[in-house]
$ cat my_file.txt   # compact mmCIF, C-alpha atoms
# COMPACT_ATOMS: atom_id res chain seq x y z
CA MET A 1239 -7.53 -15.56 17.79
CA TYR A 1240 -8.94 -17.11 14.64
CA THR A 1241 -10.16 -20.12 16.59
CA TRP A 1242 -11.94 -17.81 18.97
CA ILE A 1243 -13.64 -15.95 16.11
CA TRP A 1244 -14.59 -19.20 14.42
CA ARG A 1245 -16.08 -20.55 17.63
CA HIS A 1246 -18.15 -17.41 18.12
CA LEU A 1247 -19.61 -17.33 14.64
CA PRO A 1248 -23.12 -18.69 14.68
CA GLY A 1249 -24.47 -21.36 12.38
CA GLY A 1250 -23.02 -24.41 10.71
CA THR A 1251 -19.79 -24.77 8.79
CA ALA A 1252 -21.17 -23.34 5.55
CA LEU A 1253 -22.66 -20.31 7.27
CA LYS A 1254 -19.49 -19.80 9.29
CA SER A 1255 -17.38 -19.90 6.13
CA MET A 1256 -19.57 -17.29 4.50
CA GLN A 1257 -19.27 -15.04 7.52
CA ALA A 1258 -15.53 -15.59 7.75
CA LEU A 1259 -15.17 -14.63 4.08
CA LEU A 1260 -17.25 -11.50 4.66
CA LEU A 1261 -15.10 -10.61 7.66
CA VAL A 1262 -11.90 -11.03 5.65
CA LEU A 1263 -13.27 -8.85 2.84
CA ALA A 1264 -14.39 -6.22 5.31
CA VAL A 1265 -10.96 -6.09 6.93
CA CYS A 1266 -9.27 -5.86 3.51
CA ALA A 1267 -11.56 -3.02 2.45
CA LEU A 1268 -10.93 -1.21 5.71
CA LEU A 1269 -7.18 -1.54 5.21
CA LEU A 1270 -7.18 -0.58 1.54
CA PHE A 1271 -9.53 2.36 1.66
CA VAL A 1272 -9.07 3.79 5.15
CA VAL A 1273 -5.89 2.65 6.87
CA PHE A 1274 -3.43 2.60 3.97
CA PRO A 1275 -4.38 5.99 2.49
CA TRP A 1276 -3.98 7.42 5.96
CA VAL A 1277 -0.67 5.77 6.79
CA GLU A 1278 0.95 6.15 3.40
CA PRO A 1279 1.88 9.87 3.48
CA LYS A 1280 3.65 9.20 6.78
CA LEU A 1281 6.04 6.73 5.17
CA PRO A 1282 9.28 7.97 3.61
CA PHE A 1283 9.49 6.07 0.34
CA ASN A 1284 7.12 8.27 -1.62
CA GLU A 1285 9.46 11.21 -1.88
CA VAL A 1286 10.34 11.97 -5.47
CA THR A 1287 11.31 15.62 -5.27
CA VAL A 1288 14.67 17.20 -4.60
CA GLY A 1289 15.17 19.66 -1.79
CA GLY A 1290 11.96 18.77 0.00
CA MET B 1090 -16.38 -36.25 44.80
CA ASP B 1091 -15.53 -39.83 44.12
CA ASP B 1092 -17.17 -39.46 40.77
CA THR B 1093 -15.00 -36.52 40.01
CA GLU B 1094 -11.81 -38.29 40.97
CA ALA B 1095 -12.75 -41.27 38.92
CA GLY B 1096 -14.12 -39.29 36.01
CA ARG B 1097 -11.24 -36.97 35.45
CA PRO B 1098 -8.41 -39.43 34.80
CA ARG B 1099 -10.72 -41.64 32.83
CA ARG B 1100 -11.59 -38.77 30.54
CA GLY B 1101 -7.89 -38.17 30.04
CA ARG B 1102 -6.82 -41.70 29.33
CA HIS B 1103 -9.60 -42.43 26.90
CA ALA B 1104 -8.99 -39.64 24.49
CA PRO B 1105 -12.44 -39.73 22.81
CA GLU B 1106 -14.81 -37.34 24.51
CA GLU B 1107 -18.12 -39.14 24.10
CA PRO B 1108 -17.87 -41.96 26.69
CA THR B 1109 -16.77 -39.54 29.38
CA ASP B 1110 -19.66 -37.25 28.56
CA ARG B 1111 -22.15 -40.01 28.84
CA VAL B 1112 -20.71 -41.15 32.13
CA ALA B 1113 -20.22 -37.74 33.57
CA ALA B 1114 -23.42 -36.09 32.45
CA PRO B 1115 -26.08 -37.98 34.46
CA PRO B 1116 -24.73 -37.53 38.06
CA PRO B 1117 -26.24 -34.42 39.65
CA ALA B 1118 -25.09 -31.38 41.65
CA ALA B 1119 -21.43 -31.59 42.68
CA ASP B 1120 -20.27 -33.32 39.56
CA ALA B 1121 -22.17 -30.93 37.35
CA THR B 1122 -20.38 -27.89 38.77
CA VAL B 1123 -17.00 -29.43 38.15
CA ARG B 1124 -17.99 -30.19 34.60
CA THR B 1125 -19.02 -26.63 33.90
CA THR B 1126 -15.85 -25.14 35.28
CA ARG B 1127 -13.68 -27.50 33.32
CA VAL B 1128 -15.31 -27.26 29.92
CA PRO B 1129 -17.25 -24.05 29.89
CA ASP B 1130 -18.28 -23.71 26.28
CA VAL B 1131 -18.78 -26.99 24.56
CA PRO B 1132 -22.15 -27.14 22.91
CA GLN B 1133 -22.88 -30.77 22.37
CA ASP B 1134 -24.48 -30.34 18.95
CA ASP B 1135 -21.53 -28.67 17.27
CA ASP B 1136 -18.78 -30.68 15.68
CA LEU B 1137 -15.96 -28.12 15.91
CA PRO B 1138 -15.74 -27.53 19.66
CA ALA B 1139 -15.74 -31.27 20.14
CA ARG B 1140 -12.74 -31.48 17.84
CA ASP B 1141 -11.27 -28.52 19.62
CA ALA B 1142 -11.60 -30.29 22.92
CA ASP B 1143 -9.54 -33.24 21.77
CA PRO B 1144 -6.14 -31.60 22.26
CA ARG B 1145 -7.32 -30.51 25.65
CA ALA B 1146 -8.17 -34.07 26.46
CA ALA B 1147 -4.73 -35.19 25.30
CA ASP B 1148 -3.26 -32.53 27.52
CA ASP B 1149 -5.31 -33.77 30.43
CA GLU B 1150 -3.54 -37.02 30.13
CA GLN B 1151 -0.11 -35.52 30.76
CA ASP B 1152 -1.26 -33.13 33.44
CA SER B 1153 -3.26 -35.65 35.35
CA GLU B 1154 -0.35 -38.06 35.41
CA LEU B 1155 1.80 -35.31 36.85
CA ASP B 1156 -0.48 -34.06 39.55
CA ASP B 1157 -2.43 -37.13 40.43
CA GLU B 1158 -0.96 -37.39 43.95
CA PRO B 1159 -1.50 -33.85 45.21
CA ASP B 1160 -4.98 -33.83 43.79
CA ASP B 1161 -6.10 -36.66 45.99
CA ASP B 1162 -6.25 -34.46 49.04
CA ALA B 1163 -6.36 -31.00 47.50
CA SER B 1164 -9.09 -31.46 44.94
CA ASP B 1165 -11.69 -30.63 47.51
CA ARG B 1166 -10.63 -27.01 47.93
CA ARG B 1167 -9.04 -26.49 44.55
CA PRO B 1168 -10.26 -28.23 41.41
CA PRO B 1169 -7.36 -29.43 39.21
CA ARG B 1170 -7.94 -26.55 36.80
CA PRO B 1171 -5.00 -24.13 37.40
CA ALA B 1172 -2.15 -26.36 36.21
CA ARG B 1173 -3.96 -27.26 33.07
CA SER B 1174 -5.12 -23.74 32.38
CA ARG B 1175 -1.59 -22.41 32.74
CA GLY B 1176 -0.52 -24.77 29.98
CA ASP B 1177 -3.53 -23.74 27.98
CA LEU B 1178 -2.74 -20.09 28.52
CA VAL B 1179 0.81 -20.50 27.29
CA ARG B 1180 -0.35 -22.43 24.27
CA THR B 1181 -3.07 -19.89 23.52
CA GLY B 1182 -0.58 -17.08 23.94
CA VAL B 1183 2.00 -18.63 21.65
CA ARG B 1184 -0.64 -19.49 19.08
CA GLY B 1185 -2.00 -15.95 19.30
CA VAL B 1186 1.45 -14.44 18.73
CA GLY B 1187 2.00 -16.73 15.78
CA GLN B 1188 -1.30 -15.81 14.24
CA LEU B 1189 -0.60 -12.12 14.82
CA LEU B 1190 2.74 -12.40 13.04
CA VAL B 1191 1.22 -14.22 10.09
CA THR B 1192 -1.53 -11.62 9.96
CA ALA B 1193 1.01 -8.77 10.08
CA GLY B 1194 2.85 -10.37 7.18
CA LEU B 1195 -0.33 -10.57 5.15
CA VAL B 1196 -1.16 -6.94 5.96
CA VAL B 1197 2.28 -5.86 4.72
CA LEU B 1198 1.77 -7.86 1.54
CA LEU B 1199 -1.59 -6.22 1.08
CA PHE B 1200 0.08 -2.85 1.53
CA VAL B 1201 2.48 -3.63 -1.30
CA VAL B 1202 -0.50 -4.59 -3.48
CA TYR B 1203 -2.09 -1.30 -2.49
CA GLU B 1204 1.02 0.73 -3.30
CA VAL B 1205 1.71 -0.87 -6.63
CA TRP B 1206 -1.76 -1.44 -8.05
CA ILE B 1207 -4.58 0.10 -6.05
CA THR B 1208 -3.08 3.61 -6.03
CA ASP B 1209 -2.80 3.31 -9.81
CA LEU B 1210 -6.54 2.95 -10.07
CA SER B 1211 -7.35 6.14 -8.21
CA SER B 1212 -4.53 8.04 -9.92
CA ASP B 1213 -5.77 6.92 -13.32
CA ARG B 1214 -9.22 8.18 -12.46
CA LYS B 1215 -7.84 11.53 -11.33
CA GLN B 1216 -5.72 11.77 -14.47
CA ASP B 1217 -8.77 11.12 -16.62
CA ALA B 1218 -10.74 13.79 -14.82
CA LEU B 1219 -7.87 16.28 -15.06
CA SER B 1220 -7.32 15.52 -18.70
CA GLN B 1221 -10.99 16.01 -19.51
CA GLU B 1222 -11.08 19.24 -17.51
CA LEU B 1223 -8.02 20.60 -19.27
CA ARG B 1224 -9.38 19.70 -22.71
CA GLU B 1225 -12.63 21.43 -21.88
CA ASP B 1226 -10.80 24.50 -20.65
CA TRP B 1227 -8.79 24.65 -23.82
CA GLY B 1228 -11.80 24.00 -25.99
CA GLY B 1229 -13.70 26.75 -24.25
CA GLY B 1230 -11.32 29.40 -25.55
CA SER B 1231 -9.49 31.97 -23.52
CA ASP B 1232 -12.30 32.93 -21.18
CA ASP B 1233 -11.02 30.52 -18.55
CA PRO B 1234 -9.30 32.61 -15.88
CA THR B 1235 -7.58 29.73 -14.10
CA VAL B 1236 -4.71 29.35 -16.54
CA PRO B 1237 -3.80 32.80 -17.84
CA THR B 1238 -1.83 32.78 -21.03
CA LEU B 1239 1.05 35.11 -21.65
CA PRO B 1240 1.31 37.03 -24.92
CA GLY B 1241 4.32 34.96 -25.97
CA GLY B 1242 2.36 31.73 -25.68
CA GLY B 1243 3.92 30.85 -22.31
CA LEU B 1244 1.95 30.36 -19.13
CA SER B 1245 2.01 32.72 -16.22
CA GLU B 1246 1.62 31.52 -12.66
CA VAL B 1247 -0.72 28.59 -12.48
CA PRO B 1248 -2.66 27.96 -9.26
CA LEU B 1249 -1.35 25.05 -7.20
CA GLY B 1250 -2.92 21.74 -8.10
CA GLU B 1251 -4.13 22.98 -11.46
CA GLY B 1252 -3.35 20.93 -14.54
CA PHE B 1253 -1.80 23.05 -17.27
CA ALA B 1254 -0.03 20.85 -19.80
CA PHE B 1255 0.37 17.31 -21.13
CA ILE B 1256 3.60 15.38 -21.21
CA ARG B 1257 4.15 12.65 -23.78
CA ILE B 1258 7.15 10.35 -23.87
CA PRO B 1259 7.06 8.16 -27.00
CA ARG B 1260 9.70 5.84 -25.52
CA PHE B 1261 7.12 4.83 -22.89
CA GLY B 1262 4.55 4.02 -25.57
CA ALA B 1263 2.33 5.94 -27.96
CA ASP B 1264 -0.40 6.08 -25.34
CA TYR B 1265 1.80 7.60 -22.67
CA VAL B 1266 0.25 10.95 -21.87
CA LYS B 1267 -0.05 12.58 -18.45
CA VAL B 1268 -1.42 15.83 -17.22
CA ILE B 1269 1.19 18.00 -15.50
CA LEU B 1270 0.00 19.79 -12.39
CA GLU B 1271 1.41 22.86 -10.73
CA GLY B 1272 3.23 22.03 -7.49
CA THR B 1273 5.17 19.09 -6.12
CA ASP B 1274 3.38 18.41 -2.85
CA GLU B 1275 1.92 14.98 -2.27
CA ASP B 1276 -1.54 16.40 -3.04
CA GLU B 1277 -0.46 17.09 -6.60
CA LEU B 1278 1.82 14.11 -7.08
CA VAL B 1279 -0.90 11.57 -6.32
CA GLU B 1280 -2.67 12.88 -9.41
CA GLY B 1281 0.26 13.12 -11.79
CA PRO B 1282 3.66 14.63 -12.48
CA GLY B 1283 4.08 17.98 -10.71
CA HIS B 1284 5.86 21.13 -11.81
CA TYR B 1285 8.36 22.62 -9.37
CA VAL B 1286 6.93 26.01 -8.52
CA ASP B 1287 9.28 28.85 -9.52
CA THR B 1288 11.06 26.85 -12.20
CA ALA B 1289 10.59 27.81 -15.82
CA MET B 1290 7.40 27.06 -17.75
CA PRO B 1291 7.35 25.02 -20.98
CA GLY B 1292 9.45 26.59 -23.70
CA GLU B 1293 10.90 29.26 -21.44
CA GLN B 1294 14.59 29.83 -20.95
CA GLY B 1295 15.63 28.13 -17.73
CA ASN B 1296 14.69 24.73 -16.36
CA PHE B 1297 11.18 23.35 -16.67
CA ALA B 1298 11.41 20.86 -13.80
CA LEU B 1299 8.93 18.07 -13.03
CA ALA B 1300 8.66 15.45 -10.27
CA GLY B 1301 6.69 12.22 -10.56
CA HIS B 1302 6.11 8.97 -8.76
CA ARG B 1303 8.12 5.96 -9.81
CA VAL B 1304 6.05 3.13 -8.35
CA GLY B 1305 2.35 3.50 -7.70
CA LYS B 1306 0.12 6.57 -8.13
CA GLY B 1307 0.01 5.85 -11.84
CA SER B 1308 3.79 5.32 -11.90
CA PRO B 1309 4.36 8.17 -14.37
CA PHE B 1310 8.14 7.98 -14.14
CA LEU B 1311 8.55 4.23 -13.63
CA ASP B 1312 10.88 3.75 -16.60
CA LEU B 1313 12.73 7.03 -16.42
CA ASP B 1314 16.03 5.14 -16.41
CA GLN B 1315 15.21 3.73 -19.85
CA LEU B 1316 15.39 7.14 -21.50
CA GLN B 1317 18.39 7.57 -23.80
CA SER B 1318 20.06 10.58 -25.30
CA GLY B 1319 17.97 12.01 -28.10
CA ASP B 1320 14.65 10.56 -26.91
CA PRO B 1321 11.89 13.12 -27.38
CA ILE B 1322 9.76 14.40 -24.52
CA VAL B 1323 6.82 16.35 -25.89
CA ILE B 1324 4.99 18.97 -23.86
CA GLU B 1325 1.59 20.11 -25.04
CA THR B 1326 0.14 23.38 -23.80
CA GLU B 1327 -3.04 25.11 -24.85
CA ASP B 1328 -1.76 26.23 -28.22
CA THR B 1329 1.80 24.97 -28.57
CA TRP B 1330 3.88 21.81 -28.82
CA TYR B 1331 7.34 21.84 -27.29
CA VAL B 1332 9.73 19.07 -28.20
CA TYR B 1333 12.51 18.43 -25.73
CA ARG B 1334 15.18 15.82 -26.28
CA VAL B 1335 17.22 14.06 -23.65
CA VAL B 1336 20.61 15.75 -23.81
CA GLY B 1337 23.66 14.07 -25.32
CA ASP B 1338 27.37 14.40 -24.66
CA ASP B 1339 27.48 17.60 -26.70
CA ASP B 1340 25.45 19.74 -24.31
CA PRO B 1341 27.05 23.22 -24.21
CA ASN B 1342 26.67 23.41 -20.43
CA GLY B 1343 27.91 19.88 -19.83
CA VAL B 1344 24.54 18.74 -18.51
CA PRO B 1345 24.39 14.93 -18.22
CA ALA B 1346 21.50 12.97 -19.72
CA GLN B 1347 20.92 11.09 -16.51
CA GLN B 1348 22.25 11.32 -12.99
CA ILE B 1349 21.55 9.90 -9.59
CA VAL B 1350 21.83 12.40 -6.76
CA LEU B 1351 21.07 12.80 -3.10
CA PRO B 1352 17.59 14.07 -2.20
CA THR B 1353 19.14 17.31 -0.96
CA ASP B 1354 20.79 18.17 -4.26
CA VAL B 1355 18.51 20.93 -5.52
CA SER B 1356 21.00 22.17 -8.08
CA VAL B 1357 19.59 19.65 -10.58
CA ILE B 1358 16.59 21.93 -11.00
CA ALA B 1359 18.66 25.12 -11.20
CA PRO B 1360 18.18 27.25 -14.37
CA ILE B 1361 21.24 25.53 -15.78
CA PRO B 1362 21.14 22.02 -14.27
CA ASN B 1363 23.95 21.53 -11.71
CA GLY B 1364 24.63 25.27 -11.90
CA PRO B 1365 23.89 27.95 -9.31
CA LEU B 1366 20.28 28.10 -8.13
CA ASP B 1367 19.88 31.79 -8.82
CA GLY B 1368 22.11 31.90 -11.87
CA PRO B 1369 21.00 33.11 -15.27
CA PRO B 1370 19.41 30.62 -17.66
CA GLY B 1371 21.62 29.20 -20.38
CA GLY B 1372 19.07 27.39 -22.51
CA ALA B 1373 15.61 25.86 -22.26
CA TYR B 1374 15.95 22.67 -20.22
CA LEU B 1375 13.49 20.08 -19.03
CA THR B 1376 14.32 18.09 -15.89
CA LEU B 1377 12.45 15.05 -14.58
CA THR B 1378 13.00 13.84 -11.02
CA THR B 1379 11.81 10.66 -9.33
CA CYS B 1380 12.92 8.37 -6.55
CA HIS B 1381 15.76 5.89 -6.85
CA PRO B 1382 16.08 3.02 -6.49
CA LYS B 1383 12.52 1.88 -6.94
CA PHE B 1384 10.59 1.67 -3.66
CA SER B 1385 13.25 3.76 -1.96
CA ALA B 1386 13.72 7.38 -1.00
CA ARG B 1387 17.47 7.10 -0.64
CA GLN B 1388 18.39 8.87 -3.86
CA ARG B 1389 16.83 10.68 -6.79
CA LEU B 1390 16.98 9.71 -10.44
CA ILE B 1391 17.29 12.79 -12.62
CA VAL B 1392 16.87 13.04 -16.39
CA HIS B 1393 17.72 16.22 -18.28
CA ALA B 1394 16.46 17.24 -21.69
CA ALA B 1395 16.81 20.40 -23.77
CA LEU B 1396 14.37 22.15 -26.08
CA ASP B 1397 14.82 20.94 -29.64
CA GLY B 1398 13.95 23.45 -32.33
CA ASP B 1399 11.24 26.08 -32.16
CA PRO B 1400 7.89 25.65 -30.47
CA ILE B 1401 5.30 24.32 -32.90
CA PRO B 1402 1.93 26.10 -32.89
CA LYS B 1403 -0.92 23.64 -32.60
CA ALA B 1404 -2.59 25.30 -35.55
CA ASP B 1405 0.30 24.01 -37.71
CA ALA B 1406 0.31 20.49 -36.25
CA PRO B 1407 -3.08 19.58 -34.81
CA ASP B 1408 -2.04 15.94 -34.40
CA GLY B 1409 1.27 16.73 -32.80
CA PRO B 1410 4.84 17.07 -33.99
CA PRO B 1411 6.60 14.26 -35.89
CA ALA B 1412 8.63 13.50 -32.77
CA LEU B 1413 5.51 11.90 -31.27
CA SER B 1414 5.75 8.95 -33.65
CA GLU B 1415 9.35 8.21 -32.70
CA GLY B 1416 10.30 5.51 -30.27

$ encode --input "my_file.txt" --output "structure tokens"
Amino acid sequence: MYTWIWRHLPGGTALKSMQALLLVLAVCALLLFVVFPWVEPKLPFNEVTVGG
Amino acid sequence: MDDTEAGRPRRGRHAPEEPTDRVAAPPPAADATVRTTRVPDVPQDDDLPARDADPRAADDEQDSELDDEPDDDASDRRPPRPARSRGDLVRTGVRGVGQLLVTAGLVVLLFVVYEVWITDLSSDRKQDALSQELREDWGGGSDDPTVPTLPGGGLSEVPLGEGFAFIRIPRFGADYVKVILEGTDEDELVEGPGHYVDTAMPGEQGNFALAGHRVGKGSPFLDLDQLQSGDPIVIETEDTWYVYRVVGDDDPNGVPAQQIVLPTDVSVIAPIPNGPLDGPPGGAYLTLTTCHPKFSARQRLIVHAALDGDPIPKADAPDGPPALSEG
């Protein structure tokens, strides 16, 4: 998977590293600001009330 | 054809790629097609694919030794690709699964980071906004219709999601102050401690019950288990301070200072904690609920406090009651 991505990034090693870093950051941002806020209310360990 | 037969094993036995390339590249037509099917995407000018091809070359060695004999007559119809590519497929598959598992682990770690720290950031921002809003409402006098005040200084029904009071717990630090919102749905709790609708309001007879997150979302009730009998919990409304103290052994109704209950045990927020839900009040209690143990929804940690002394008008104590400097 990662080898495949690396092979398909254009440019030399330095350019590839930059792009890889950008990709990692983009994925992290997507997870932190879109996926996690969406998935979190569906998980059980946030319940702090009684009776609910 | 002969070139192919000769070229393939040679490429395998001499692991380095370059000599093979130089030998194999010049011959035209037939040989060229075999080359392209075998190594489809190796740009010659890039260093990485060349390195990547090395394991493949090493693999060639084993494979070619195995299927040298059948190839001699079959290579015409079927190039020796399938056997090798099956091995490659398995290796690629296994490597892919491994990478997926590692990635999944990292994603879970990132989720923990999100839960514990990132949600704090947004909750802090919301708390700041709420706090500012509430201060402005209070500063603006009584013309704000959102939080109607009762003649006795209590609060009537507050709209869901509306901040209406501050809670201070000196044991958690002098800077511990949170806006309390009406309602205990997730929408309210991400912003701060929430007031159980239909329980008493600050200072009223009955049970002023609050829920708050333990880990993440500003972690308002992270250290709830550290509270000890006699610790003050100060509630600030528009014009009054209410000082509650965590109950001791001498509570007239036998209410414990701290208990751990099942999530279904709603009697902890009854007018008299652990009493009947619709029973008459027997004092002015404050109850805090959060999850227990940390990171779990298995149980609830409950802390009970009772009103200590009379409400203190803010006009008499603009900087708060003396209890604030305890702890």

$ residues_near_point --input "my_file.txt" --point "(-12.3, -18.4, 15.0)" --cutoff "12 Å" --atoms "only C-alpha atoms" --output "PyMOL selection string"
(chain A and resi 1239-1248+1251+1254-1255+1257-1259+1261-1262) or (chain B and resi 1137-1138+1141+1185+1188)

$ write_last_selection --input "my_file.txt" --atoms "C-alpha atoms" --output "PDB file, keeping the file's coordinate frame"
ATOM      1  CA  MET A1239      -7.530 -15.560  17.790  1.00  0.00           C
ATOM      2  CA  TYR A1240      -8.940 -17.110  14.640  1.00  0.00           C
ATOM      3  CA  THR A1241     -10.160 -20.120  16.590  1.00  0.00           C
ATOM      4  CA  TRP A1242     -11.940 -17.810  18.970  1.00  0.00           C
ATOM      5  CA  ILE A1243     -13.640 -15.950  16.110  1.00  0.00           C
ATOM      6  CA  TRP A1244     -14.590 -19.200  14.420  1.00  0.00           C
ATOM      7  CA  ARG A1245     -16.080 -20.550  17.630  1.00  0.00           C
ATOM      8  CA  HIS A1246     -18.150 -17.410  18.120  1.00  0.00           C
ATOM      9  CA  LEU A1247     -19.610 -17.330  14.640  1.00  0.00           C
ATOM     10  CA  PRO A1248     -23.120 -18.690  14.680  1.00  0.00           C
ATOM     11  CA  THR A1251     -19.790 -24.770   8.790  1.00  0.00           C
ATOM     12  CA  LYS A1254     -19.490 -19.800   9.290  1.00  0.00           C
ATOM     13  CA  SER A1255     -17.380 -19.900   6.130  1.00  0.00           C
ATOM     14  CA  GLN A1257     -19.270 -15.040   7.520  1.00  0.00           C
ATOM     15  CA  ALA A1258     -15.530 -15.590   7.750  1.00  0.00           C
ATOM     16  CA  LEU A1259     -15.170 -14.630   4.080  1.00  0.00           C
ATOM     17  CA  LEU A1261     -15.100 -10.610   7.660  1.00  0.00           C
ATOM     18  CA  VAL A1262     -11.900 -11.030   5.650  1.00  0.00           C
TER      19      VAL A1262
ATOM     20  CA  LEU B1137     -15.960 -28.120  15.910  1.00  0.00           C
ATOM     21  CA  PRO B1138     -15.740 -27.530  19.660  1.00  0.00           C
ATOM     22  CA  ASP B1141     -11.270 -28.520  19.620  1.00  0.00           C
ATOM     23  CA  GLY B1185      -2.000 -15.950  19.300  1.00  0.00           C
ATOM     24  CA  GLN B1188      -1.300 -15.810  14.240  1.00  0.00           C
TER      25      GLN B1188
END

$ closest_atom_pairs --input "my_file.txt" --of "chain B" --to "chain A" --cutoff "7 Å" --atoms "only C-alpha atoms" --output "Markdown table"
| residue | atom | partner | partner_atom | distance |
| --- | --- | --- | --- | --- |
| B:Gly1185 | CA | A:Met1239 | CA | 5.7 |
| B:Phe1200 | CA | A:Phe1274 | CA | 6.9 |
| B:Tyr1203 | CA | A:Leu1270 | CA | 6.5 |
| B:Ala1300 | CA | A:Thr1287 | CA | 5.7 |
| B:Gly1301 | CA | A:Val1286 | CA | 6.3 |
| B:His1302 | CA | A:Val1286 | CA | 6.1 |
| B:Pro1352 | CA | A:Val1288 | CA | 4.9 |
| B:Thr1353 | CA | A:Gly1289 | CA | 4.7 |
| B:Asp1354 | CA | A:Val1288 | CA | 6.2 |
| B:Val1355 | CA | A:Gly1289 | CA | 5.2 |
| B:Thr1378 | CA | A:Thr1287 | CA | 6.3 |
| B:Thr1379 | CA | A:Val1286 | CA | 4.3 |
| B:Cys1380 | CA | A:Val1286 | CA | 4.6 |
| B:Phe1384 | CA | A:Phe1283 | CA | 6.0 |
| B:Ser1385 | CA | A:Phe1283 | CA | 5.0 |
| B:Ala1386 | CA | A:Phe1283 | CA | 4.6 |
| B:Arg1389 | CA | A:Val1286 | CA | 6.7 |

$ atom_distance --input "my_file.txt" --atom1 "atom CA of Lys1267 of chain B" --atom2 "atom CA of Glu1325 of chain B"
10.1 Å

$ residues_around --input "my_file.txt" --residues "Pro1341 of chain B" --least-positions-apart "5" --cutoff "12 Å" --atoms "all atoms listed in the file" --output "VMD selection string"
chain B and resid 1336 1361 to 1362 1371 to 1374 1395

$ residues_around --input "my_file.txt" --residues "Gln1348 of chain B" --least-positions-apart "2" --cutoff "9 Å" --atoms "all atoms listed in the file" --output "number ranges by chain"
B: 1345-1346, 1350, 1389-1393

$ write_last_selection --input "my_file.txt" --atoms "C-alpha atoms" --output "tab-separated table (two decimals), in the frame of the given file"
chain	number	residue	atom	x	y	z
B	1345	PRO	CA	24.39	14.93	-18.22
B	1346	ALA	CA	21.50	12.97	-19.72
B	1350	VAL	CA	21.83	12.40	-6.76
B	1389	ARG	CA	16.83	10.68	-6.79
B	1390	LEU	CA	16.98	9.71	-10.44
B	1391	ILE	CA	17.29	12.79	-12.62
B	1392	VAL	CA	16.87	13.04	-16.39
B	1393	HIS	CA	17.72	16.22	-18.28

$ atom_distance --input "my_file.txt" --atom1 "atom CA of Leu1377 of chain B" --atom2 "atom CA of Gln1347 of chain B"
9.5 Å

$ residues_around --input "my_file.txt" --residues "Leu1270 of chain B" --least-positions-apart "2" --cutoff "12 Å" --atoms "all atoms listed in the file" --output "ChimeraX atom specification"
/B:1215-1216,1219-1220,1223,1236,1246-1256,1267-1268,1272-1286,1290,1298-1301,1326

$ residues_around --input "my_file.txt" --residues "Ile1324 of chain B" --least-positions-apart "6" --cutoff "10 Å" --atoms "only C-alpha atoms" --output "list of chain:residue names"
B:Ala1254, B:Phe1255, B:Ile1256, B:Arg1257, B:Ile1258, B:Val1266, B:Lys1267, B:Val1268, B:Ile1269, B:Pro1291, B:Gly1292, B:Trp1330, B:Tyr1331, B:Val1332, B:Tyr1333, B:Leu1375, B:Pro1400, B:Gly1409

$ atom_distance --input "my_file.txt" --atom1 "atom CA of Gln1317 of chain B" --atom2 "atom CA of Val1335 of chain B"
6.6 Å

$ closest_residue --input "my_file.txt" --among "B:Ser1356, B:Pro1410, B:Leu1351, B:Asp1340" --to "Gln1388 of chain B" --atoms "all atoms listed in the file"
B:Leu1351
